[in-house]
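**Student:** Okay, so here is protein-v6.txt, and as you'll see once you scroll down, it has compact mmCIF, C-alpha atoms.
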```txt
# COMPACT_ATOMS: atom_id res chain seq x y z
CA MET A 1 14.60 -12.57 25.05
CA THR A 2 15.40 -16.27 25.12
CA THR A 3 16.53 -18.43 22.23
CA TYR A 4 13.01 -19.76 22.04
CA ASP A 5 11.69 -16.21 21.51
CA TYR A 6 14.06 -15.67 18.59
CA PHE A 7 12.98 -19.03 17.23
CA SER A 8 9.28 -18.18 17.46
CA ILE A 9 9.74 -14.90 15.56
CA ALA A 10 11.85 -16.68 12.93
CA TYR A 11 9.05 -19.23 12.67
CA GLY A 12 6.69 -16.31 12.06
CA ALA A 13 9.03 -15.20 9.27
CA LEU A 14 8.47 -18.57 7.63
CA ALA A 15 4.72 -17.84 7.60
CA THR A 16 5.29 -14.32 6.23
CA VAL A 17 7.53 -15.57 3.44
CA SER A 18 5.34 -18.51 2.45
CA LEU A 19 2.12 -16.46 2.53
CA SER A 20 3.77 -13.74 0.42
CA LEU A 21 5.22 -16.25 -2.05
CA ILE A 22 1.96 -18.18 -2.47
CA SER A 23 -0.06 -15.00 -3.02
CA ILE A 24 2.55 -13.70 -5.49
CA VAL A 25 2.68 -16.98 -7.43
CA LEU A 26 -1.13 -16.97 -7.67
CA GLY A 27 -1.62 -13.23 -7.97
CA VAL A 28 0.84 -12.39 -10.76
CA PRO A 29 -0.72 -14.74 -13.40
CA LEU A 30 -4.23 -13.84 -12.18
CA GLY A 31 -3.37 -10.17 -12.69
CA LEU A 32 -2.07 -11.00 -16.17
CA GLY A 33 -5.29 -12.83 -17.00
CA LEU A 34 -7.41 -9.91 -15.83
CA ALA A 35 -5.21 -7.46 -17.72
CA LEU A 36 -5.72 -9.54 -20.88
CA ILE A 37 -9.48 -9.38 -20.32
CA ARG A 38 -9.20 -5.60 -20.19
CA TRP A 39 -6.81 -5.54 -23.16
CA SER A 40 -9.13 -7.55 -25.37
CA ARG A 41 -12.14 -5.59 -24.05
CA LEU A 42 -14.27 -8.69 -23.52
CA PRO A 43 -17.80 -7.43 -22.88
CA VAL A 44 -19.17 -7.82 -19.31
CA LEU A 45 -15.92 -9.39 -18.04
CA ASN A 46 -14.15 -6.11 -18.81
CA GLN A 47 -16.62 -4.12 -16.68
CA LEU A 48 -16.42 -6.71 -13.91
CA THR A 49 -12.63 -6.45 -13.89
CA ILE A 50 -12.77 -2.66 -13.72
CA GLY A 51 -15.13 -2.89 -10.73
CA TYR A 52 -13.00 -5.53 -9.01
CA VAL A 53 -9.77 -3.57 -9.41
CA SER A 54 -11.38 -0.34 -8.27
CA ILE A 55 -12.91 -1.82 -5.11
CA VAL A 56 -10.04 -4.07 -4.03
CA ARG A 57 -7.39 -1.42 -4.73
CA THR A 58 -9.11 0.97 -2.29
CA CYS A 59 -10.09 -1.63 0.31
CA PRO A 60 -7.79 -1.93 3.35
CA SER A 61 -6.39 -5.47 3.61
CA VAL A 62 -7.56 -5.72 7.22
CA THR A 63 -11.14 -5.02 6.18
CA LEU A 64 -10.85 -7.38 3.20
CA VAL A 65 -9.58 -10.27 5.33
CA LEU A 66 -12.34 -9.70 7.92
CA LEU A 67 -14.91 -9.64 5.11
CA ILE A 68 -13.63 -12.90 3.64
CA PHE A 69 -13.24 -14.67 6.96
CA TYR A 70 -16.43 -13.55 8.77
CA ALA A 71 -18.80 -12.56 6.00
CA LEU A 72 -18.39 -15.23 3.31
CA PRO A 73 -19.69 -18.02 5.62
CA VAL A 74 -23.02 -16.13 5.62
CA VAL A 75 -23.34 -16.77 1.89
CA GLY A 76 -22.25 -20.38 2.39
CA ILE A 77 -18.50 -20.17 1.74
CA SER A 78 -16.73 -21.10 4.93
CA MET A 79 -12.94 -21.08 5.16
CA GLU A 80 -10.18 -21.87 7.62
CA PRO A 81 -7.96 -18.90 8.52
CA LEU A 82 -5.08 -20.03 6.28
CA PRO A 83 -7.03 -20.30 2.98
CA ALA A 84 -8.87 -17.08 3.88
CA ALA A 85 -5.51 -15.33 4.36
CA ILE A 86 -4.15 -16.67 1.07
CA LEU A 87 -7.34 -15.68 -0.77
CA THR A 88 -7.21 -12.14 0.67
CA LEU A 89 -3.58 -11.56 -0.17
CA THR A 90 -3.97 -13.04 -3.65
CA LEU A 91 -7.06 -10.96 -4.45
CA SER A 92 -5.42 -7.76 -3.28
CA THR A 93 -2.07 -8.27 -5.03
CA ALA A 94 -3.85 -9.40 -8.22
CA ALA A 95 -5.75 -6.10 -8.35
CA PHE A 96 -2.51 -4.12 -8.32
CA ASN A 97 -0.80 -6.53 -10.72
CA THR A 98 -3.68 -6.12 -13.18
CA GLU A 99 -2.91 -2.40 -13.41
CA ILE A 100 0.82 -3.09 -13.89
CA TRP A 101 0.27 -5.65 -16.66
CA ARG A 102 -2.38 -3.46 -18.25
CA SER A 103 -0.05 -0.49 -18.55
CA ALA A 104 2.68 -2.74 -20.01
CA LEU A 105 0.19 -4.06 -22.58
CA ALA A 106 -1.00 -0.54 -23.37
CA ASN A 107 2.60 0.53 -24.04
CA PHE A 108 3.38 -2.52 -26.16
CA PRO A 109 4.54 -1.37 -29.63
CA ARG A 110 1.80 -2.08 -32.13
CA ASP A 111 4.20 -2.61 -35.07
CA GLN A 112 5.73 -5.71 -33.47
CA TYR A 113 2.30 -7.22 -33.10
CA ASP A 114 1.58 -6.47 -36.76
CA ALA A 115 4.94 -7.95 -37.77
CA ALA A 116 4.05 -11.18 -35.97
CA LEU A 117 0.75 -11.16 -37.85
CA THR A 118 2.47 -10.80 -41.21
CA VAL A 119 4.70 -13.82 -40.64
CA GLY A 120 1.53 -15.76 -39.93
CA MET A 121 1.91 -16.49 -36.24
CA ARG A 122 -1.21 -17.75 -34.58
CA ARG A 123 -2.77 -15.89 -31.68
CA GLY A 124 -1.35 -18.10 -28.90
CA LEU A 125 2.14 -18.20 -30.40
CA ARG A 126 2.05 -14.46 -31.04
CA PHE A 127 1.29 -13.83 -27.40
CA ARG A 128 3.81 -16.37 -26.06
CA ARG A 129 6.76 -15.49 -28.28
CA ILE A 130 6.31 -11.79 -29.01
CA VAL A 131 4.15 -10.07 -26.40
CA LEU A 132 4.78 -11.97 -23.18
CA PRO A 133 8.62 -11.83 -23.02
CA GLN A 134 8.60 -8.08 -23.57
CA ILE A 135 5.84 -7.17 -21.14
CA VAL A 136 7.47 -9.38 -18.49
CA ARG A 137 10.64 -7.37 -18.93
CA SER A 138 8.97 -3.98 -18.82
CA SER A 139 6.70 -4.79 -15.85
CA LEU A 140 9.38 -6.43 -13.73
CA PRO A 141 10.40 -3.38 -11.65
CA ALA A 142 6.77 -2.45 -10.93
CA LEU A 143 5.90 -6.08 -10.13
CA VAL A 144 8.78 -6.40 -7.65
CA ASN A 145 7.79 -3.08 -6.11
CA GLU A 146 4.28 -4.45 -5.61
CA MET A 147 5.77 -7.67 -4.13
CA THR A 148 7.62 -5.67 -1.47
CA LEU A 149 4.38 -3.80 -0.67
CA GLN A 150 2.67 -7.18 -0.50
CA ILE A 151 5.16 -8.45 2.09
CA LYS A 152 4.43 -5.37 4.18
CA SER A 153 0.68 -5.96 4.03
CA THR A 154 0.87 -9.59 5.23
CA PRO A 155 0.52 -8.54 8.92
CA ALA A 156 -3.11 -7.71 8.09
CA VAL A 157 -3.97 -11.42 8.21
CA ALA A 158 -2.89 -11.53 11.86
CA VAL A 159 -6.38 -10.24 12.76
CA ILE A 160 -7.85 -13.65 11.90
CA GLY A 161 -5.24 -15.45 14.00
CA ILE A 162 -2.40 -16.22 11.58
CA VAL A 163 0.92 -16.02 13.43
CA GLU A 164 3.42 -14.22 11.22
CA ILE A 165 6.39 -12.02 12.12
CA THR A 166 4.44 -9.09 13.58
CA ARG A 167 2.09 -11.21 15.67
CA ALA A 168 4.94 -13.43 16.87
CA ALA A 169 6.86 -10.31 17.96
CA ILE A 170 3.79 -8.95 19.79
CA ARG A 171 3.42 -12.23 21.65
CA VAL A 172 7.05 -12.20 22.78
CA GLY A 173 6.70 -8.56 23.83
CA ALA A 174 3.52 -9.28 25.79
CA ARG A 175 5.21 -12.12 27.65
CA THR A 176 8.50 -10.38 28.50
CA TYR A 177 6.96 -6.93 29.15
CA ASP A 178 9.75 -5.53 26.99
CA PRO A 179 8.32 -4.92 23.51
CA LEU A 180 11.31 -3.19 21.93
CA PRO A 181 13.76 -6.10 21.36
CA PRO A 182 11.24 -8.36 19.55
CA PHE A 183 10.16 -5.37 17.40
CA VAL A 184 13.78 -4.77 16.40
CA VAL A 185 14.17 -8.46 15.48
CA ALA A 186 10.96 -8.23 13.43
CA LEU A 187 12.19 -5.09 11.69
CA VAL A 188 15.48 -6.78 10.77
CA LEU A 189 13.62 -9.81 9.40
CA TYR A 190 11.30 -7.67 7.25
CA SER A 191 14.24 -5.67 5.91
CA LEU A 192 16.06 -8.91 5.02
CA ILE A 193 13.06 -10.30 3.14
CA VAL A 194 12.48 -7.07 1.21
CA PHE A 195 16.22 -6.89 0.46
CA VAL A 196 16.22 -10.41 -1.04
CA PHE A 197 13.35 -9.49 -3.37
CA VAL A 198 15.00 -6.27 -4.55
CA LYS A 199 18.34 -8.07 -5.01
CA THR A 200 16.68 -10.78 -7.11
CA GLN A 201 15.09 -8.11 -9.29
CA ARG A 202 18.49 -6.46 -9.87
CA THR A 203 20.03 -9.83 -10.80
CA ILE A 204 17.27 -10.63 -13.27
CA GLU A 205 17.58 -7.16 -14.81
CA ARG A 206 21.33 -7.64 -15.21
CA ARG A 207 20.73 -10.97 -16.94
CA TYR A 208 18.36 -9.25 -19.36
CA ALA A 209 20.91 -6.51 -19.97
CA GLN A 210 23.60 -9.13 -20.69
CA ALA A 211 21.26 -10.89 -23.09
CA GLY A 212 21.63 -7.69 -25.07
CA ALA A 213 18.02 -6.85 -25.70
CA PRO A 214 16.63 -3.40 -24.93
CA ALA A 215 15.06 -3.42 -21.49
CA MET B 1 -31.53 -9.96 3.40
CA ASN B 2 -32.58 -8.32 6.62
CA GLU B 3 -28.92 -8.17 7.67
CA PHE B 4 -28.67 -4.88 5.85
CA ALA B 5 -31.80 -3.66 7.65
CA ILE B 6 -30.05 -4.30 10.99
CA VAL B 7 -26.95 -2.41 9.85
CA TRP B 8 -29.16 0.44 8.63
CA GLN B 9 -30.92 0.49 12.00
CA HIS B 10 -27.57 0.88 13.77
CA ARG B 11 -26.01 3.06 11.11
CA ASP B 12 -25.05 5.69 13.70
CA LEU B 13 -22.41 3.26 15.02
CA LEU B 14 -20.85 2.82 11.58
CA LEU B 15 -21.11 6.54 10.90
CA ILE B 16 -19.24 7.37 14.12
CA GLY B 17 -16.48 5.04 12.93
CA PHE B 18 -16.58 6.58 9.48
CA GLU B 19 -16.35 10.09 10.94
CA ASN B 20 -13.40 9.00 13.08
CA THR B 21 -11.68 7.49 10.03
CA LEU B 22 -12.19 10.75 8.11
CA ILE B 23 -10.79 12.88 10.99
CA ILE B 24 -7.82 10.56 11.49
CA VAL B 25 -7.10 10.47 7.75
CA ALA B 26 -7.40 14.27 7.48
CA LEU B 27 -5.01 14.84 10.40
CA GLY B 28 -2.67 12.09 9.22
CA ALA B 29 -2.59 13.34 5.64
CA THR B 30 -2.03 16.99 6.57
CA GLY B 31 0.66 16.09 9.06
CA ALA B 32 2.37 13.62 6.74
CA LEU B 33 2.42 16.09 3.85
CA ALA B 34 3.76 18.92 6.05
CA LEU B 35 6.43 16.73 7.63
CA GLY B 36 7.21 15.19 4.23
CA ILE B 37 7.82 18.67 2.77
CA LEU B 38 10.18 19.50 5.64
CA LEU B 39 11.94 16.15 5.25
CA THR B 40 12.86 16.92 1.64
CA ILE B 41 15.24 19.63 2.93
CA PRO B 42 17.70 17.15 4.52
CA LEU B 43 17.15 14.72 1.61
CA MET B 44 18.23 17.38 -0.91
CA SER B 45 20.97 18.85 1.30
CA SER B 46 24.43 19.34 -0.19
CA ARG B 47 26.05 17.74 2.86
CA PRO B 48 26.33 13.95 2.51
CA GLY B 49 26.03 13.36 6.27
CA ILE B 50 22.64 15.08 6.46
CA VAL B 51 21.41 13.28 3.33
CA ALA B 52 22.42 9.94 4.87
CA LEU B 53 20.45 10.74 8.05
CA GLY B 54 17.32 11.68 6.10
CA ALA B 55 17.66 8.68 3.80
CA ALA B 56 18.11 6.34 6.79
CA TYR B 57 14.76 7.51 8.22
CA VAL B 58 12.98 7.15 4.89
CA ASP B 59 14.46 3.70 4.20
CA ALA B 60 13.66 2.46 7.70
CA MET B 61 10.01 3.45 7.25
CA ARG B 62 9.92 1.74 3.85
CA CYS B 63 11.08 -1.53 5.42
CA VAL B 64 8.60 -1.65 8.32
CA PRO B 65 5.03 -2.79 7.76
CA PHE B 66 2.62 -0.14 9.05
CA LEU B 67 1.06 -2.54 11.56
CA LEU B 68 4.43 -3.20 13.20
CA PHE B 69 5.09 0.55 13.30
CA VAL B 70 1.75 1.17 15.06
CA TYR B 71 2.67 -1.39 17.71
CA LEU B 72 6.10 0.19 18.02
CA ILE B 73 4.59 3.63 18.71
CA TYR B 74 1.88 2.36 21.02
CA PHE B 75 3.80 -0.28 23.00
CA GLY B 76 7.42 0.58 22.32
CA PHE B 77 7.55 4.34 22.84
CA PRO B 78 6.46 4.22 26.50
CA THR B 79 9.85 2.55 27.11
CA PHE B 80 11.40 5.93 26.29
CA GLY B 81 8.83 7.71 28.48
CA ILE B 82 6.73 8.90 25.53
CA GLN B 83 3.13 7.86 25.96
CA PHE B 84 -0.01 8.56 23.92
CA ASP B 85 -3.57 7.36 24.22
CA ASN B 86 -4.52 4.98 21.41
CA TRP B 87 -6.23 7.63 19.25
CA TRP B 88 -3.21 9.94 19.20
CA ALA B 89 -0.79 7.03 18.87
CA GLY B 90 -2.67 6.13 15.69
CA VAL B 91 -2.50 9.66 14.29
CA VAL B 92 1.20 10.02 15.17
CA ALA B 93 1.97 6.65 13.57
CA LEU B 94 0.12 7.64 10.38
CA ILE B 95 2.01 10.95 10.21
CA LEU B 96 5.52 9.62 10.91
CA TYR B 97 5.10 6.63 8.61
CA ASN B 98 3.56 8.34 5.59
CA ALA B 99 5.79 11.42 5.88
CA ALA B 100 8.68 9.23 4.73
CA TYR B 101 6.77 8.16 1.60
CA MET B 102 5.64 11.75 0.93
CA ALA B 103 9.23 12.97 1.33
CA GLU B 104 10.48 10.34 -1.11
CA LEU B 105 8.01 11.24 -3.86
CA LEU B 106 8.51 15.00 -3.34
CA ARG B 107 12.29 14.50 -3.50
CA ALA B 108 11.95 12.81 -6.89
CA ALA B 109 9.86 15.77 -8.16
CA TRP B 110 12.38 18.26 -6.77
CA LYS B 111 15.20 16.43 -8.55
CA ASN B 112 13.36 16.81 -11.85
CA LEU B 113 12.80 20.53 -11.28
CA PRO B 114 14.50 22.57 -14.02
CA LYS B 115 17.65 24.26 -12.71
CA GLU B 116 16.73 27.55 -14.40
CA ALA B 117 13.79 28.20 -12.06
CA ILE B 118 16.04 27.95 -9.02
CA GLU B 119 18.76 30.06 -10.65
CA ALA B 120 16.15 32.70 -11.55
CA GLY B 121 15.02 32.62 -7.92
CA HIS B 122 18.60 33.22 -6.84
CA ALA B 123 18.84 36.11 -9.28
CA PHE B 124 15.75 37.70 -7.71
CA GLY B 125 17.41 37.49 -4.32
CA PHE B 126 15.58 34.45 -2.94
CA THR B 127 17.69 32.38 -0.56
CA GLY B 128 17.18 29.73 2.07
CA TRP B 129 13.63 29.37 3.38
CA GLY B 130 12.16 31.98 1.02
CA LEU B 131 13.60 30.15 -1.98
CA PHE B 132 12.28 26.84 -0.69
CA ARG B 133 8.79 28.14 0.10
CA ARG B 134 8.20 30.38 -2.94
CA ILE B 135 10.26 28.87 -5.75
CA ILE B 136 10.85 25.19 -5.07
CA ILE B 137 7.82 23.81 -3.22
CA PRO B 138 4.92 25.10 -5.42
CA PRO B 139 6.02 23.42 -8.69
CA VAL B 140 7.16 20.31 -6.77
CA LEU B 141 3.68 19.98 -5.23
CA TYR B 142 1.92 20.59 -8.56
CA SER B 143 3.96 18.01 -10.44
CA SER B 144 3.60 15.33 -7.77
CA LEU B 145 -0.17 15.77 -7.24
CA PRO B 146 -1.14 12.35 -8.72
CA LEU B 147 1.43 10.57 -6.54
CA ILE B 148 0.27 12.51 -3.46
CA GLY B 149 -3.25 11.30 -4.33
CA ASN B 150 -2.03 7.68 -4.36
CA GLN B 151 -0.43 8.21 -0.97
CA LEU B 152 -3.67 9.69 0.41
CA VAL B 153 -5.47 6.49 -0.63
CA GLN B 154 -2.70 4.56 1.11
CA ILE B 155 -3.30 6.61 4.29
CA VAL B 156 -7.01 5.72 4.17
CA LYS B 157 -6.06 2.05 3.89
CA ASP B 158 -3.43 2.28 6.62
CA SER B 159 -5.98 3.86 8.99
CA ALA B 160 -7.85 0.51 9.05
CA PHE B 161 -4.84 -1.07 10.80
CA LEU B 162 -5.53 1.18 13.80
CA THR B 163 -8.30 -1.24 14.80
CA VAL B 164 -5.55 -3.37 16.40
CA ILE B 165 -4.94 -0.71 19.06
CA ALA B 166 -8.72 -0.26 19.48
CA VAL B 167 -9.07 3.12 17.77
CA ALA B 168 -12.80 3.48 17.07
CA GLU B 169 -12.41 3.83 13.30
CA LEU B 170 -14.57 2.34 10.54
CA THR B 171 -13.18 -1.22 10.52
CA HIS B 172 -13.27 -1.33 14.32
CA GLU B 173 -16.91 -0.24 14.42
CA ALA B 174 -17.81 -2.70 11.66
CA THR B 175 -16.21 -5.48 13.72
CA SER B 176 -18.08 -4.48 16.88
CA LEU B 177 -21.34 -4.22 14.93
CA GLN B 178 -20.82 -7.72 13.57
CA THR B 179 -20.00 -9.23 16.98
CA THR B 180 -22.95 -7.54 18.72
CA TYR B 181 -25.70 -8.29 16.20
CA PHE B 182 -23.99 -11.04 14.19
CA VAL B 183 -24.37 -9.30 10.86
CA PRO B 184 -20.86 -9.94 9.42
CA PHE B 185 -21.77 -9.72 5.75
CA ALA B 186 -23.71 -6.47 5.78
CA SER B 187 -21.42 -4.65 8.20
CA PHE B 188 -18.19 -5.41 6.34
CA VAL B 189 -19.74 -4.80 2.93
CA ALA B 190 -20.95 -1.43 4.25
CA ALA B 191 -17.43 -0.67 5.54
CA VAL B 192 -15.82 -1.64 2.22
CA PHE B 193 -18.36 0.54 0.42
CA LEU B 194 -17.57 3.54 2.64
CA TYR B 195 -13.81 3.06 2.09
CA TRP B 196 -14.39 2.84 -1.64
CA MET B 197 -16.48 6.05 -1.60
CA THR B 198 -13.76 7.85 0.36
CA CYS B 199 -11.00 6.80 -2.03
CA MET B 200 -13.11 7.63 -5.09
CA THR B 201 -13.75 11.10 -3.63
CA ILE B 202 -10.03 11.56 -3.02
CA GLU B 203 -9.17 10.43 -6.57
CA THR B 204 -11.78 12.72 -8.10
CA GLY B 205 -10.60 15.62 -5.95
CA VAL B 206 -6.96 15.05 -6.88
CA ALA B 207 -7.83 14.79 -10.59
CA PHE B 208 -9.71 18.10 -10.29
CA ALA B 209 -6.81 19.78 -8.45
CA ASN B 210 -4.46 18.38 -11.09
CA ARG B 211 -6.48 20.03 -13.87
CA LEU B 212 -6.33 23.35 -12.01
CA ALA B 213 -2.56 22.92 -11.64
CA GLU B 214 -2.22 22.17 -15.37
CA ASP B 215 -4.12 25.37 -16.14
CA ARG B 216 -1.85 27.43 -13.91
CA ARG B 217 1.30 26.12 -15.53
```
Do you think you could lay out the structure here as structure tokens?

**Tutor:**
Amino acid sequence: MTTYDYFSIAYGALATVSLSLISIVLGVPLGLGLALIRWSRLPVLNQLTIGYVSIVRTCPSVTLVLLIFYALPVVGISMEPLPAAILTLTLSTAAFNTEIWRSALANFPRDQYDAALTVGMRRGLRFRRIVLPQIVRSSLPALVNEMTLQIKSTPAVAVIGIVEITRAAIRVGARTYDPLPPFVVALVLYSLIVFVFVKTQRTIERRYAQAGAPA
Amino acid sequence: MNEFAIVWQHRDLLLIGFENTLIIVALGATGALALGILLTIPLMSSRPGIVALGAAYVDAMRCVPFLLFVYLIYFGFPTFGIQFDNWWAGVVALILYNAAYMAELLRAAWKNLPKEAIEAGHAFGFTGWGLFRRIIIPPVLYSSLPLIGNQLVQIVKDSAFLTVIAVAELTHEATSLQTTYFVPFASFVAAVFLYWMTCMTIETGVAFANRLAEDRR
């Protein structure tokens, strides 16, 4: 492996990290929104959300990205590989995040909500000041767990031509006829990325613990 | 939409892929569960060295994306003189990868097993393999049924990655159907539907098995 080979895999890592981050930044609030739809049992939208979560949760990301990239143009929505990849990853992570947020909302203590009502907080304020901070805290471990799974499912978008770590490593292997070294480099890079996420979660949890509130 | 009519006309192609996916998933799941059960032995060993070895394997698998692992088995293993055709490489990859996840969730269940059951087993003269097979594994399997179900769904989803090494599974057949007849929408929607059906069947089956297990307890 030459320096250039290392560089090309590291460049792939940039794609992996940015794709993961973008889909997480979009997917976490989207999941929260969908969970709120389920929480408030909005008619029709509630059923649609249940269907969406059920289908996307069981759909392999490879199949989902192929569907979005090749099939949506048939119904008039045509996308470049990059937006298609981001859309796929966001849709799939949002489905899992919906379930995480939903279970946090379901476990939210009712008495606190009632207490907020009695001091006359409005709906928006009630959600922002009372509900949100606590469900963020209780869903954090599950959300980070889903983020690490998300990083590991990014290689799926390689099938529509996005060059991320795995595909970059394959290319190097195909050129040098020695696939093991680039795979090891890729493995180290993935481990590093996952490690950073888990470490960040631990730090945030420690901050919460220092703030003195029950986790 | 006559796209769906074309897919229906060539449904045998999709069904071959579907059948292949089911066989691969069945082999992968059985193998992963069996190997996962065996892997819990080193993970729960009283010797730290053996625990570290088992944990290293499990952690390594949890850091690699499945796609990279498939490539590693298919392109990397021949370097060590181990060579499979693509179908078996896919099955082996599914087994080795998911066994680590199975082992991890079974280990957690084993840790939560009440000590008394094991001590009672000792008192009745169970040791070693007999103790493991008759006393430890049955309640561990019962209590982790829902998590095993989740992992089975994960195996179904992982099997779609095998299209990259040209295993003729469902996604692969859907892709070839769409390139031959240019029916991308219908073929992928059909594939997604079949995956969904499979996972729903697994979830229903696991829920049913779980009820039986609850009754037995």

**Student:** Have a look at atom CA of B:Asp158 and atom CA of A:Pro60 and let me know their distance in Å, one decimal.

**Tutor:**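 Pair atom CA of B:Asp158 / atom CA of A:Pro60 returns 6.9 Å.
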
**Student:** Hey, list the chain B side of the contact with chain A: 7 Å cut-off, all atoms listed in the file, answer as a ChimeraX atom specification.

**Tutor:** /B:63-65,67-68,72,75-76,153,157-158,160-161,171,184-185,188,192,195-196,199

**Student:** Could you please take those selected residues and save C-alpha atoms as a PDB file, keeping the file's coordinate frame?

**Tutor:**
```pdb
ATOM      1  CA  CYS B  63      11.080  -1.530   5.420  1.00  0.00           C
ATOM      2  CA  VAL B  64       8.600  -1.650   8.320  1.00  0.00           C
ATOM      3  CA  PRO B  65       5.030  -2.790   7.760  1.00  0.00           C
ATOM      4  CA  LEU B  67       1.060  -2.540  11.560  1.00  0.00           C
ATOM      5  CA  LEU B  68       4.430  -3.200  13.200  1.00  0.00           C
ATOM      6  CA  LEU B  72       6.100   0.190  18.020  1.00  0.00           C
ATOM      7  CA  PHE B  75       3.800  -0.280  23.000  1.00  0.00           C
ATOM      8  CA  GLY B  76       7.420   0.580  22.320  1.00  0.00           C
ATOM      9  CA  VAL B 153      -5.470   6.490  -0.630  1.00  0.00           C
ATOM     10  CA  LYS B 157      -6.060   2.050   3.890  1.00  0.00           C
ATOM     11  CA  ASP B 158      -3.430   2.280   6.620  1.00  0.00           C
ATOM     12  CA  ALA B 160      -7.850   0.510   9.050  1.00  0.00           C
ATOM     13  CA  PHE B 161      -4.840  -1.070  10.800  1.00  0.00           C
ATOM     14  CA  THR B 171     -13.180  -1.220  10.520  1.00  0.00           C
ATOM     15  CA  PRO B 184     -20.860  -9.940   9.420  1.00  0.00           C
ATOM     16  CA  PHE B 185     -21.770  -9.720   5.750  1.00  0.00           C
ATOM     17  CA  PHE B 188     -18.190  -5.410   6.340  1.00  0.00           C
ATOM     18  CA  VAL B 192     -15.820  -1.640   2.220  1.00  0.00           C
ATOM     19  CA  TYR B 195     -13.810   3.060   2.090  1.00  0.00           C
ATOM     20  CA  TRP B 196     -14.390   2.840  -1.640  1.00  0.00           C
ATOM     21  CA  CYS B 199     -11.000   6.800  -2.030  1.00  0.00           C
TER      22      CYS B 199
END
```

**Student:** Would you kindly return, as a PDB file with C-alpha atoms, in the coordinates of the input, each protein, DNA or RNA residue with an atom no farther than 10 Å from any atom of stretch 105-110 of chain A, considering all atoms listed in the file and excluding same-chain residues fewer than 3 positions away?

**Tutor:**
```pdb
ATOM      1  CA  LEU A  32      -2.070 -11.000 -16.170  1.00  0.00           C
ATOM      2  CA  ALA A  35      -5.210  -7.460 -17.720  1.00  0.00           C
ATOM      3  CA  LEU A  36      -5.720  -9.540 -20.880  1.00  0.00           C
ATOM      4  CA  ARG A  38      -9.200  -5.600 -20.190  1.00  0.00           C
ATOM      5  CA  TRP A  39      -6.810  -5.540 -23.160  1.00  0.00           C
ATOM      6  CA  GLU A  99      -2.910  -2.400 -13.410  1.00  0.00           C
ATOM      7  CA  ILE A 100       0.820  -3.090 -13.890  1.00  0.00           C
ATOM      8  CA  TRP A 101       0.270  -5.650 -16.660  1.00  0.00           C
ATOM      9  CA  ARG A 102      -2.380  -3.460 -18.250  1.00  0.00           C
ATOM     10  CA  TYR A 113       2.300  -7.220 -33.100  1.00  0.00           C
ATOM     11  CA  ASP A 114       1.580  -6.470 -36.760  1.00  0.00           C
ATOM     12  CA  ALA A 115       4.940  -7.950 -37.770  1.00  0.00           C
ATOM     13  CA  VAL A 131       4.150 -10.070 -26.400  1.00  0.00           C
ATOM     14  CA  LEU A 132       4.780 -11.970 -23.180  1.00  0.00           C
ATOM     15  CA  GLN A 134       8.600  -8.080 -23.570  1.00  0.00           C
ATOM     16  CA  ILE A 135       5.840  -7.170 -21.140  1.00  0.00           C
ATOM     17  CA  VAL A 136       7.470  -9.380 -18.490  1.00  0.00           C
ATOM     18  CA  SER A 138       8.970  -3.980 -18.820  1.00  0.00           C
ATOM     19  CA  SER A 139       6.700  -4.790 -15.850  1.00  0.00           C
TER      20      SER A 139
END
```

**Student:** Quick one: residues within 9 Å of B:Ile148, all atoms listed in the file counted, chain neighbours fewer than 6 positions away excluded, as a ChimeraX atom specification?

**Tutor:** /B:33,102,105-106,141,206

**Student:** With distances taken over only C-alpha atoms, which residue among A:Thr200, A:Thr3, A:Thr16, A:Ser8 lies nearest A:Glu164?

**Tutor:**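 Looking at the shortest contact to A:Glu164, the residue is A:Thr16.
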
**Student:** How many Å separate atom CA of B:Tyr181 from atom CA of B:Tyr71?

**Tutor:**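 These two atoms are separated by 29.2 Å.
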
**Student:** Can you tell me how far atom CA of A:Gly27 sits from atom CA of A:Asn97, in Å to one decimal?

**Tutor:** 7.3 Å

**Student:** Could you give me, as a PyMOL selection string, the residues within 12 Å of B:Ile136, counting all atoms listed in the file and dropping anything in the same chain fewer than 4 positions from it?

**Tutor:** chain B and resi 37+40-41+44+106-107+109-122+126-132+140-143

**Student:** Extract, using only C-alpha atoms, all DNA, RNA and protein residues at most 12 Å from B:Ile16, discarding same-chain residues fewer than 4 positions from it, and format them as a PyMOL selection string.

**Tutor:** chain B and resi 10-12+20-23+167-174+177+191
